[in-house]
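Undergrad: Structure supplied as structure_14.pdb; contents: PDB, C-alpha atoms.
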ATOM      1  CA  LYS S 247      37.212 -26.616 -69.735  1.00  0.00           C
ATOM      2  CA  ASN S 248      38.008 -26.473 -66.037  1.00  0.00           C
ATOM      3  CA  GLU S 249      36.069 -23.933 -64.050  1.00  0.00           C
ATOM      4  CA  VAL S 250      38.681 -24.130 -61.261  1.00  0.00           C
ATOM      5  CA  GLU S 251      42.434 -24.309 -61.774  1.00  0.00           C
ATOM      6  CA  GLN S 252      44.897 -24.949 -58.967  1.00  0.00           C
ATOM      7  CA  SER S 253      48.646 -24.618 -58.869  1.00  0.00           C
ATOM      8  CA  PRO S 254      50.994 -26.196 -58.198  1.00  0.00           C
ATOM      9  CA  GLN S 255      49.757 -29.783 -58.577  1.00  0.00           C
ATOM     10  CA  ASN S 256      52.491 -31.106 -56.315  1.00  0.00           C
ATOM     11  CA  LEU S 257      54.564 -29.309 -53.737  1.00  0.00           C
ATOM     12  CA  THR S 258      57.385 -30.496 -51.502  1.00  0.00           C
ATOM     13  CA  ALA S 259      58.618 -28.229 -48.726  1.00  0.00           C
ATOM     14  CA  GLN S 260      61.026 -28.347 -45.833  1.00  0.00           C
ATOM     15  CA  GLU S 261      59.550 -28.059 -42.360  1.00  0.00           C
ATOM     16  CA  GLY S 262      59.205 -24.408 -41.414  1.00  0.00           C
ATOM     17  CA  GLU S 263      58.843 -23.071 -44.954  1.00  0.00           C
ATOM     18  CA  PHE S 264      56.092 -20.661 -46.018  1.00  0.00           C
ATOM     19  CA  ILE S 265      53.754 -22.300 -48.533  1.00  0.00           C
ATOM     20  CA  THR S 266      51.349 -20.791 -51.044  1.00  0.00           C
ATOM     21  CA  ILE S 267      48.737 -22.656 -53.071  1.00  0.00           C
ATOM     22  CA  ASN S 268      46.863 -20.770 -55.771  1.00  0.00           C
ATOM     23  CA  CYS S 269      43.356 -21.143 -57.145  1.00  0.00           C
ATOM     24  CA  SER S 270      41.837 -19.389 -60.165  1.00  0.00           C
ATOM     25  CA  TYR S 271      38.235 -19.750 -61.245  1.00  0.00           C
ATOM     26  CA  SER S 272      36.204 -18.679 -64.247  1.00  0.00           C
ATOM     27  CA  VAL S 273      32.618 -18.537 -62.955  1.00  0.00           C
ATOM     28  CA  GLY S 274      30.786 -16.027 -60.812  1.00  0.00           C
ATOM     29  CA  ILE S 275      30.739 -17.360 -57.292  1.00  0.00           C
ATOM     30  CA  SER S 276      28.811 -17.001 -54.074  1.00  0.00           C
ATOM     31  CA  ALA S 277      31.589 -18.629 -52.037  1.00  0.00           C
ATOM     32  CA  LEU S 278      34.981 -20.305 -52.301  1.00  0.00           C
ATOM     33  CA  HIS S 279      36.028 -23.194 -50.066  1.00  0.00           C
ATOM     34  CA  TRP S 280      39.449 -24.530 -49.199  1.00  0.00           C
ATOM     35  CA  LEU S 281      39.390 -28.214 -48.261  1.00  0.00           C
ATOM     36  CA  GLN S 282      42.044 -30.507 -46.825  1.00  0.00           C
ATOM     37  CA  GLN S 283      42.105 -34.229 -47.525  1.00  0.00           C
ATOM     38  CA  HIS S 284      44.439 -36.597 -45.730  1.00  0.00           C
ATOM     39  CA  PRO S 285      45.348 -40.086 -46.985  1.00  0.00           C
ATOM     40  CA  GLY S 286      42.402 -42.324 -46.217  1.00  0.00           C
ATOM     41  CA  GLY S 287      39.894 -39.914 -47.688  1.00  0.00           C
ATOM     42  CA  GLY S 288      38.541 -37.723 -44.903  1.00  0.00           C
ATOM     43  CA  ILE S 289      37.889 -34.138 -46.027  1.00  0.00           C
ATOM     44  CA  VAL S 290      37.976 -31.180 -43.691  1.00  0.00           C
ATOM     45  CA  SER S 291      36.714 -27.739 -44.617  1.00  0.00           C
ATOM     46  CA  LEU S 292      39.425 -25.205 -43.780  1.00  0.00           C
ATOM     47  CA  PHE S 293      37.857 -21.969 -44.948  1.00  0.00           C
ATOM     48  CA  MET S 294      34.807 -20.571 -46.663  1.00  0.00           C
ATOM     49  CA  LEU S 295      35.367 -17.150 -48.248  1.00  0.00           C
ATOM     50  CA  SER S 296      33.264 -14.690 -50.156  1.00  0.00           C
ATOM     51  CA  SER S 297      35.618 -11.724 -49.804  1.00  0.00           C
ATOM     52  CA  GLY S 298      38.825 -10.544 -48.145  1.00  0.00           C
ATOM     53  CA  LYS S 299      40.959 -12.689 -45.921  1.00  0.00           C
ATOM     54  CA  LYS S 300      40.571 -15.259 -43.148  1.00  0.00           C
ATOM     55  CA  LYS S 301      43.128 -16.655 -40.721  1.00  0.00           C
ATOM     56  CA  HIS S 302      43.055 -19.756 -38.571  1.00  0.00           C
ATOM     57  CA  GLY S 303      46.216 -20.609 -36.707  1.00  0.00           C
ATOM     58  CA  ARG S 304      49.020 -20.988 -39.259  1.00  0.00           C
ATOM     59  CA  LEU S 305      46.613 -20.975 -42.192  1.00  0.00           C
ATOM     60  CA  ILE S 306      45.609 -17.859 -44.112  1.00  0.00           C
ATOM     61  CA  ALA S 307      43.199 -17.708 -47.036  1.00  0.00           C
ATOM     62  CA  THR S 308      42.664 -14.703 -49.292  1.00  0.00           C
ATOM     63  CA  ILE S 309      40.358 -14.036 -52.173  1.00  0.00           C
ATOM     64  CA  ASN S 310      40.276 -11.367 -54.878  1.00  0.00           C
ATOM     65  CA  ILE S 311      36.806 -11.395 -56.411  1.00  0.00           C
ATOM     66  CA  GLN S 312      37.695  -9.010 -59.242  1.00  0.00           C
ATOM     67  CA  GLU S 313      40.642 -11.149 -60.328  1.00  0.00           C
ATOM     68  CA  LYS S 314      38.810 -14.442 -59.599  1.00  0.00           C
ATOM     69  CA  HIS S 315      41.748 -15.709 -57.608  1.00  0.00           C
ATOM     70  CA  SER S 316      42.335 -17.134 -54.153  1.00  0.00           C
ATOM     71  CA  SER S 317      45.438 -18.203 -52.266  1.00  0.00           C
ATOM     72  CA  LEU S 318      45.965 -20.502 -49.318  1.00  0.00           C
ATOM     73  CA  HIS S 319      49.069 -19.795 -47.264  1.00  0.00           C
ATOM     74  CA  ILE S 320      50.623 -22.027 -44.621  1.00  0.00           C
ATOM     75  CA  THR S 321      53.146 -20.364 -42.365  1.00  0.00           C
ATOM     76  CA  ALA S 322      55.828 -22.401 -40.542  1.00  0.00           C
ATOM     77  CA  SER S 323      54.824 -25.603 -42.322  1.00  0.00           C
ATOM     78  CA  HIS S 324      54.897 -28.885 -40.410  1.00  0.00           C
ATOM     79  CA  PRO S 325      54.895 -32.532 -41.543  1.00  0.00           C
ATOM     80  CA  ARG S 326      51.329 -32.878 -40.267  1.00  0.00           C
ATOM     81  CA  ASP S 327      50.298 -30.337 -42.931  1.00  0.00           C
ATOM     82  CA  SER S 328      51.067 -32.985 -45.565  1.00  0.00           C
ATOM     83  CA  ALA S 329      47.771 -33.549 -47.371  1.00  0.00           C
ATOM     84  CA  VAL S 330      45.912 -32.709 -50.548  1.00  0.00           C
ATOM     85  CA  TYR S 331      44.443 -29.205 -50.578  1.00  0.00           C
ATOM     86  CA  ILE S 332      41.402 -28.667 -52.770  1.00  0.00           C
ATOM     87  CA  CYS S 333      39.837 -25.420 -53.891  1.00  0.00           C
ATOM     88  CA  ALA S 334      36.082 -25.494 -54.515  1.00  0.00           C
ATOM     89  CA  VAL S 335      33.723 -22.767 -55.677  1.00  0.00           C
ATOM     90  CA  ARG S 336      29.982 -22.443 -55.361  1.00  0.00           C
ATOM     91  CA  SER S 337      28.826 -20.957 -58.659  1.00  0.00           C
ATOM     92  CA  LYS S 338      26.033 -18.409 -58.660  1.00  0.00           C
ATOM     93  CA  THR S 339      25.759 -18.421 -62.434  1.00  0.00           C
ATOM     94  CA  THR S 340      25.141 -22.132 -63.021  1.00  0.00           C
ATOM     95  CA  GLY S 341      22.537 -23.018 -60.456  1.00  0.00           C
ATOM     96  CA  ASN S 342      24.602 -23.021 -57.291  1.00  0.00           C
ATOM     97  CA  GLN S 343      26.728 -25.929 -58.474  1.00  0.00           C
ATOM     98  CA  PHE S 344      30.041 -26.787 -56.876  1.00  0.00           C
ATOM     99  CA  TYR S 345      33.174 -26.939 -59.008  1.00  0.00           C
ATOM    100  CA  PHE S 346      36.422 -28.398 -57.704  1.00  0.00           C
ATOM    101  CA  GLY S 347      40.081 -27.951 -58.491  1.00  0.00           C
ATOM    102  CA  THR S 348      42.177 -31.068 -59.016  1.00  0.00           C
ATOM    103  CA  GLY S 349      44.002 -30.511 -55.761  1.00  0.00           C
ATOM    104  CA  THR S 350      47.526 -29.705 -54.631  1.00  0.00           C
ATOM    105  CA  SER S 351      49.427 -32.546 -53.019  1.00  0.00           C
ATOM    106  CA  LEU S 352      51.663 -31.109 -50.300  1.00  0.00           C
ATOM    107  CA  THR S 353      54.478 -33.018 -48.648  1.00  0.00           C
ATOM    108  CA  VAL S 354      56.368 -31.354 -45.805  1.00  0.00           C
ATOM    109  CA  ILE S 355      59.698 -32.984 -45.024  1.00  0.00           C
ATOM    110  CA  PRO S 356      61.058 -32.854 -41.460  1.00  0.00           C
TER     111      PRO S 356
ATOM    112  CA  LYS C 300      28.065 -33.540 -31.119  1.00  0.00           C
ATOM    113  CA  ALA C 301      28.174 -36.394 -33.602  1.00  0.00           C
ATOM    114  CA  GLY C 302      29.625 -35.699 -37.047  1.00  0.00           C
ATOM    115  CA  VAL C 303      28.262 -36.610 -40.437  1.00  0.00           C
ATOM    116  CA  THR C 304      27.695 -40.357 -40.609  1.00  0.00           C
ATOM    117  CA  GLN C 305      27.799 -42.280 -43.855  1.00  0.00           C
ATOM    118  CA  THR C 306      26.846 -45.927 -44.247  1.00  0.00           C
ATOM    119  CA  PRO C 307      28.014 -48.318 -45.428  1.00  0.00           C
ATOM    120  CA  ARG C 308      31.705 -47.403 -45.403  1.00  0.00           C
ATOM    121  CA  TYR C 309      32.693 -50.031 -47.945  1.00  0.00           C
ATOM    122  CA  LEU C 310      30.706 -52.076 -50.399  1.00  0.00           C
ATOM    123  CA  ILE C 311      31.259 -54.240 -53.436  1.00  0.00           C
ATOM    124  CA  LYS C 312      28.657 -54.625 -56.173  1.00  0.00           C
ATOM    125  CA  THR C 313      28.566 -56.107 -59.641  1.00  0.00           C
ATOM    126  CA  ARG C 314      27.659 -54.394 -62.886  1.00  0.00           C
ATOM    127  CA  GLY C 315      23.940 -53.944 -63.386  1.00  0.00           C
ATOM    128  CA  GLN C 316      23.099 -53.956 -59.679  1.00  0.00           C
ATOM    129  CA  GLN C 317      21.880 -50.936 -57.790  1.00  0.00           C
ATOM    130  CA  VAL C 318      23.159 -49.395 -54.574  1.00  0.00           C
ATOM    131  CA  THR C 319      21.757 -47.115 -51.880  1.00  0.00           C
ATOM    132  CA  LEU C 320      24.029 -45.017 -49.684  1.00  0.00           C
ATOM    133  CA  SER C 321      22.946 -43.217 -46.538  1.00  0.00           C
ATOM    134  CA  CYS C 322      24.032 -39.952 -44.952  1.00  0.00           C
ATOM    135  CA  SER C 323      23.015 -38.664 -41.517  1.00  0.00           C
ATOM    136  CA  PRO C 324      23.894 -34.974 -41.127  1.00  0.00           C
ATOM    137  CA  ILE C 325      24.995 -33.167 -38.017  1.00  0.00           C
ATOM    138  CA  SER C 326      22.028 -32.494 -35.774  1.00  0.00           C
ATOM    139  CA  GLY C 327      20.426 -29.201 -36.802  1.00  0.00           C
ATOM    140  CA  HIS C 328      21.966 -29.169 -40.279  1.00  0.00           C
ATOM    141  CA  ARG C 329      19.263 -29.069 -42.914  1.00  0.00           C
ATOM    142  CA  SER C 330      21.316 -29.121 -46.103  1.00  0.00           C
ATOM    143  CA  VAL C 331      22.972 -32.287 -47.426  1.00  0.00           C
ATOM    144  CA  SER C 332      25.102 -32.480 -50.547  1.00  0.00           C
ATOM    145  CA  TRP C 333      26.664 -35.466 -52.299  1.00  0.00           C
ATOM    146  CA  TYR C 334      29.929 -35.807 -54.198  1.00  0.00           C
ATOM    147  CA  GLN C 335      31.753 -38.435 -56.194  1.00  0.00           C
ATOM    148  CA  GLN C 336      35.539 -38.709 -56.014  1.00  0.00           C
ATOM    149  CA  THR C 337      37.589 -40.773 -58.453  1.00  0.00           C
ATOM    150  CA  PRO C 338      41.320 -40.759 -59.229  1.00  0.00           C
ATOM    151  CA  GLY C 339      40.618 -39.699 -62.811  1.00  0.00           C
ATOM    152  CA  GLN C 340      37.948 -37.017 -62.364  1.00  0.00           C
ATOM    153  CA  GLY C 341      38.644 -35.841 -58.832  1.00  0.00           C
ATOM    154  CA  LEU C 342      35.750 -34.462 -56.819  1.00  0.00           C
ATOM    155  CA  GLN C 343      32.484 -33.870 -58.630  1.00  0.00           C
ATOM    156  CA  PHE C 344      29.223 -32.478 -57.328  1.00  0.00           C
ATOM    157  CA  LEU C 345      26.231 -34.801 -57.546  1.00  0.00           C
ATOM    158  CA  PHE C 346      23.303 -33.005 -55.912  1.00  0.00           C
ATOM    159  CA  GLU C 347      22.166 -31.027 -52.913  1.00  0.00           C
ATOM    160  CA  TYR C 348      19.043 -31.242 -50.776  1.00  0.00           C
ATOM    161  CA  PHE C 349      17.457 -28.775 -48.413  1.00  0.00           C
ATOM    162  CA  SER C 350      14.145 -29.278 -46.619  1.00  0.00           C
ATOM    163  CA  GLU C 351      13.471 -32.501 -48.549  1.00  0.00           C
ATOM    164  CA  THR C 352      13.817 -30.713 -51.899  1.00  0.00           C
ATOM    165  CA  GLN C 353      16.606 -31.131 -54.421  1.00  0.00           C
ATOM    166  CA  ARG C 354      18.049 -27.641 -54.807  1.00  0.00           C
ATOM    167  CA  ASN C 355      20.956 -28.212 -57.152  1.00  0.00           C
ATOM    168  CA  LYS C 356      22.168 -30.987 -59.408  1.00  0.00           C
ATOM    169  CA  GLY C 357      25.488 -31.725 -61.068  1.00  0.00           C
ATOM    170  CA  ASN C 358      26.079 -33.236 -64.494  1.00  0.00           C
ATOM    171  CA  PHE C 359      25.417 -36.892 -63.802  1.00  0.00           C
ATOM    172  CA  PRO C 360      23.086 -39.255 -65.643  1.00  0.00           C
ATOM    173  CA  GLY C 361      19.625 -40.067 -64.345  1.00  0.00           C
ATOM    174  CA  ARG C 362      20.937 -43.351 -62.871  1.00  0.00           C
ATOM    175  CA  PHE C 363      22.100 -41.211 -59.972  1.00  0.00           C
ATOM    176  CA  SER C 364      19.280 -40.076 -57.733  1.00  0.00           C
ATOM    177  CA  GLY C 365      18.735 -39.017 -54.183  1.00  0.00           C
ATOM    178  CA  ARG C 366      16.240 -37.933 -51.620  1.00  0.00           C
ATOM    179  CA  GLN C 367      16.064 -36.291 -48.228  1.00  0.00           C
ATOM    180  CA  PHE C 368      13.779 -37.219 -45.390  1.00  0.00           C
ATOM    181  CA  SER C 369      11.988 -34.982 -42.909  1.00  0.00           C
ATOM    182  CA  ASN C 370      14.742 -35.593 -40.314  1.00  0.00           C
ATOM    183  CA  SER C 371      17.308 -34.286 -42.880  1.00  0.00           C
ATOM    184  CA  ARG C 372      18.853 -37.722 -43.406  1.00  0.00           C
ATOM    185  CA  SER C 373      19.602 -38.315 -47.067  1.00  0.00           C
ATOM    186  CA  GLU C 374      20.054 -41.270 -49.336  1.00  0.00           C
ATOM    187  CA  MET C 375      21.519 -41.545 -52.791  1.00  0.00           C
ATOM    188  CA  ASN C 376      20.850 -44.345 -55.211  1.00  0.00           C
ATOM    189  CA  VAL C 377      22.766 -45.504 -58.238  1.00  0.00           C
ATOM    190  CA  SER C 378      20.942 -47.894 -60.525  1.00  0.00           C
ATOM    191  CA  THR C 379      22.350 -50.160 -63.235  1.00  0.00           C
ATOM    192  CA  LEU C 380      25.881 -49.876 -61.900  1.00  0.00           C
ATOM    193  CA  GLU C 381      28.777 -49.494 -64.305  1.00  0.00           C
ATOM    194  CA  LEU C 382      32.472 -50.138 -63.694  1.00  0.00           C
ATOM    195  CA  GLY C 383      33.080 -46.381 -63.857  1.00  0.00           C
ATOM    196  CA  ASP C 384      30.831 -45.826 -60.861  1.00  0.00           C
ATOM    197  CA  SER C 385      33.565 -47.216 -58.613  1.00  0.00           C
ATOM    198  CA  ALA C 386      34.407 -44.264 -56.431  1.00  0.00           C
ATOM    199  CA  LEU C 387      34.400 -42.712 -53.010  1.00  0.00           C
ATOM    200  CA  TYR C 388      31.003 -41.128 -52.413  1.00  0.00           C
ATOM    201  CA  LEU C 389      31.053 -38.303 -49.922  1.00  0.00           C
ATOM    202  CA  CYS C 390      28.268 -36.381 -48.353  1.00  0.00           C
ATOM    203  CA  ALA C 391      28.473 -33.094 -46.520  1.00  0.00           C
ATOM    204  CA  SER C 392      26.015 -31.241 -44.359  1.00  0.00           C
ATOM    205  CA  SER C 393      25.708 -27.554 -43.627  1.00  0.00           C
ATOM    206  CA  LEU C 394      23.715 -25.240 -41.455  1.00  0.00           C
ATOM    207  CA  VAL C 395      21.599 -23.072 -43.702  1.00  0.00           C
ATOM    208  CA  CYS C 396      19.953 -19.854 -42.715  1.00  0.00           C
ATOM    209  CA  VAL C 397      16.268 -20.559 -42.297  1.00  0.00           C
ATOM    210  CA  ARG C 398      15.102 -17.265 -43.782  1.00  0.00           C
ATOM    211  CA  ALA C 399      16.923 -17.435 -47.081  1.00  0.00           C
ATOM    212  CA  TYR C 400      18.598 -20.393 -48.714  1.00  0.00           C
ATOM    213  CA  SER C 401      21.866 -18.893 -49.891  1.00  0.00           C
ATOM    214  CA  GLY C 402      23.743 -22.115 -50.372  1.00  0.00           C
ATOM    215  CA  ALA C 403      26.842 -20.491 -48.949  1.00  0.00           C
ATOM    216  CA  ASN C 404      27.712 -22.280 -45.760  1.00  0.00           C
ATOM    217  CA  VAL C 405      30.628 -24.171 -44.272  1.00  0.00           C
ATOM    218  CA  LEU C 406      30.524 -27.855 -45.176  1.00  0.00           C
ATOM    219  CA  THR C 407      31.148 -30.750 -42.811  1.00  0.00           C
ATOM    220  CA  PHE C 408      32.038 -33.930 -44.646  1.00  0.00           C
ATOM    221  CA  GLY C 409      31.414 -37.529 -43.744  1.00  0.00           C
ATOM    222  CA  ALA C 410      34.113 -40.184 -44.066  1.00  0.00           C
ATOM    223  CA  GLY C 411      32.617 -41.464 -47.307  1.00  0.00           C
ATOM    224  CA  SER C 412      31.309 -44.705 -48.749  1.00  0.00           C
ATOM    225  CA  ARG C 413      33.783 -46.518 -50.959  1.00  0.00           C
ATOM    226  CA  LEU C 414      31.974 -48.367 -53.737  1.00  0.00           C
ATOM    227  CA  THR C 415      33.697 -50.964 -55.887  1.00  0.00           C
ATOM    228  CA  VAL C 416      31.851 -52.232 -58.952  1.00  0.00           C
ATOM    229  CA  LEU C 417      33.110 -55.530 -60.377  1.00  0.00           C
TER     230      LEU C 417
END
Starting from the file, give its structure as structure tokens.

TA:
Amino acid sequence: KNEVEQSPQNLTAQEGEFITINCSYSVGISALHWLQQHPGGGIVSLFMLSSGKKKHGRLIATINIQEKHSSLHITASHPRDSAVYICAVRSKTTGNQFYFGTGTSLTVIP
Amino acid sequence: KAGVTQTPRYLIKTRGQQVTLSCSPISGHRSVSWYQQTPGQGLQFLFEYFSETQRNKGNFPGRFSGRQFSNSRSEMNVSTLELGDSALYLCASSLVCVRAYSGANVLTFGAGSRLTVL
């Protein structure tokens, strides 16, 4: 049983397209994180959310606590956005553990 | 300021050996967490330390252990290595509110230590 489900698993987009990555979770959470991982392994934390919406440049993250769902949007996508995007939740019901989605591999074509 | 530093970056061990990995957090960060990433299982949470105390632990066998020192630097140890322990081991640090440990803080990841077990 996966506590965190992401969709789609793979996504190819043309440069400039609007992109949405979805994350659903089944546990009660204290926070949800969106992470970005480029080839080579380095992980960058994009957002940490516990409610509402956050925006940073072309990236927008939203969360609906009642529906246990979060989305990551990329506006005006660019080839440098090509990476794996990972949703992670900090559970408050199982001892503050982290659970991770399997990631969405995004390729943006020029 | 310097980021999260993990050493060594790459290492090769044989089955049955043990390994110790080190993580130096960002200055002022008091929480350090460890993760294992493999192609088959993805990212998995190992454990988390705050003020030299293990606060949370994932579902890994007792061969995986860790500790945190008074300067917030952390080490993790894997004993009796198995082939399946080959992975990228990542640590992350976060700034935690001193008054109440909420565990909900932005994470800064290190570049990882890539372990190959032969």

Undergrad: List the neighbours of region 294-300 of chain S out to 8 Å using all atoms listed in the file; skip same-chain residues closer than 6 positions along the sequence, and give me the result as a CSV table (one decimal) with C-alpha atoms, in the frame of the given file.

TA:
chain,number,residue,atom,x,y,z
S,276,SER,CA,28.8,-17.0,-54.1
S,277,ALA,CA,31.6,-18.6,-52.0
S,278,LEU,CA,35.0,-20.3,-52.3
S,279,HIS,CA,36.0,-23.2,-50.1
S,280,TRP,CA,39.4,-24.5,-49.2
S,306,ILE,CA,45.6,-17.9,-44.1
S,307,ALA,CA,43.2,-17.7,-47.0
S,308,THR,CA,42.7,-14.7,-49.3
S,309,ILE,CA,40.4,-14.0,-52.2
S,310,ASN,CA,40.3,-11.4,-54.9
S,311,ILE,CA,36.8,-11.4,-56.4
C,404,ASN,CA,27.7,-22.3,-45.8
C,405,VAL,CA,30.6,-24.2,-44.3

Undergrad: As a PyMOL selection string, please: the residues near Ser351 (chain S) (cut-off 10 Å, only C-alpha atoms, same-chain neighbours under 2 positions excluded).

TA: chain S and resi 253-258+267+282-284+328-332+348-349+353

Undergrad: With C-alpha atoms kept, could you save the residues just selected as a PDB file, in the frame of the given file?

TA:
ATOM      1  CA  SER S 253      48.646 -24.618 -58.869  1.00  0.00           C
ATOM      2  CA  PRO S 254      50.994 -26.196 -58.198  1.00  0.00           C
ATOM      3  CA  GLN S 255      49.757 -29.783 -58.577  1.00  0.00           C
ATOM      4  CA  ASN S 256      52.491 -31.106 -56.315  1.00  0.00           C
ATOM      5  CA  LEU S 257      54.564 -29.309 -53.737  1.00  0.00           C
ATOM      6  CA  THR S 258      57.385 -30.496 -51.502  1.00  0.00           C
ATOM      7  CA  ILE S 267      48.737 -22.656 -53.071  1.00  0.00           C
ATOM      8  CA  GLN S 282      42.044 -30.507 -46.825  1.00  0.00           C
ATOM      9  CA  GLN S 283      42.105 -34.229 -47.525  1.00  0.00           C
ATOM     10  CA  HIS S 284      44.439 -36.597 -45.730  1.00  0.00           C
ATOM     11  CA  SER S 328      51.067 -32.985 -45.565  1.00  0.00           C
ATOM     12  CA  ALA S 329      47.771 -33.549 -47.371  1.00  0.00           C
ATOM     13  CA  VAL S 330      45.912 -32.709 -50.548  1.00  0.00           C
ATOM     14  CA  TYR S 331      44.443 -29.205 -50.578  1.00  0.00           C
ATOM     15  CA  ILE S 332      41.402 -28.667 -52.770  1.00  0.00           C
ATOM     16  CA  THR S 348      42.177 -31.068 -59.016  1.00  0.00           C
ATOM     17  CA  GLY S 349      44.002 -30.511 -55.761  1.00  0.00           C
ATOM     18  CA  THR S 353      54.478 -33.018 -48.648  1.00  0.00           C
TER      19      THR S 353
END

Undergrad: For the file shown, what are the residues hit by the PyMOL selection byres ((chain C and resi 324) around 6), laid out as a ChimeraX atom specification?

TA: /C:303,323,325,392

Undergrad: Output as number ranges by chain the set of chain C residues within 8 Å of chain S, with distances taken over only C-alpha atoms.

TA: C: 341-344, 355-357, 402-411

Undergrad: Closest to Ile355 (chain S) among S:Arg326, S:Cys333, S:Ser316, S:Asn268, using only C-alpha atoms?

TA: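 The answer is S:Arg326, which sits nearest to Ile355 (chain S).
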
Undergrad: At what distance in Å, to one decimal, does CA of Val250 (chain S) lie from CA of Tyr271 (chain S)?

TA: 4.4 Å

Undergrad: What's the 8 Å shell around Lys312 (chain C), counting all atoms listed in the file, without same-chain residues fewer than 6 positions away, as JSON, numbers by chain?

TA: {"C": [318, 380, 414, 415, 416, 417]}
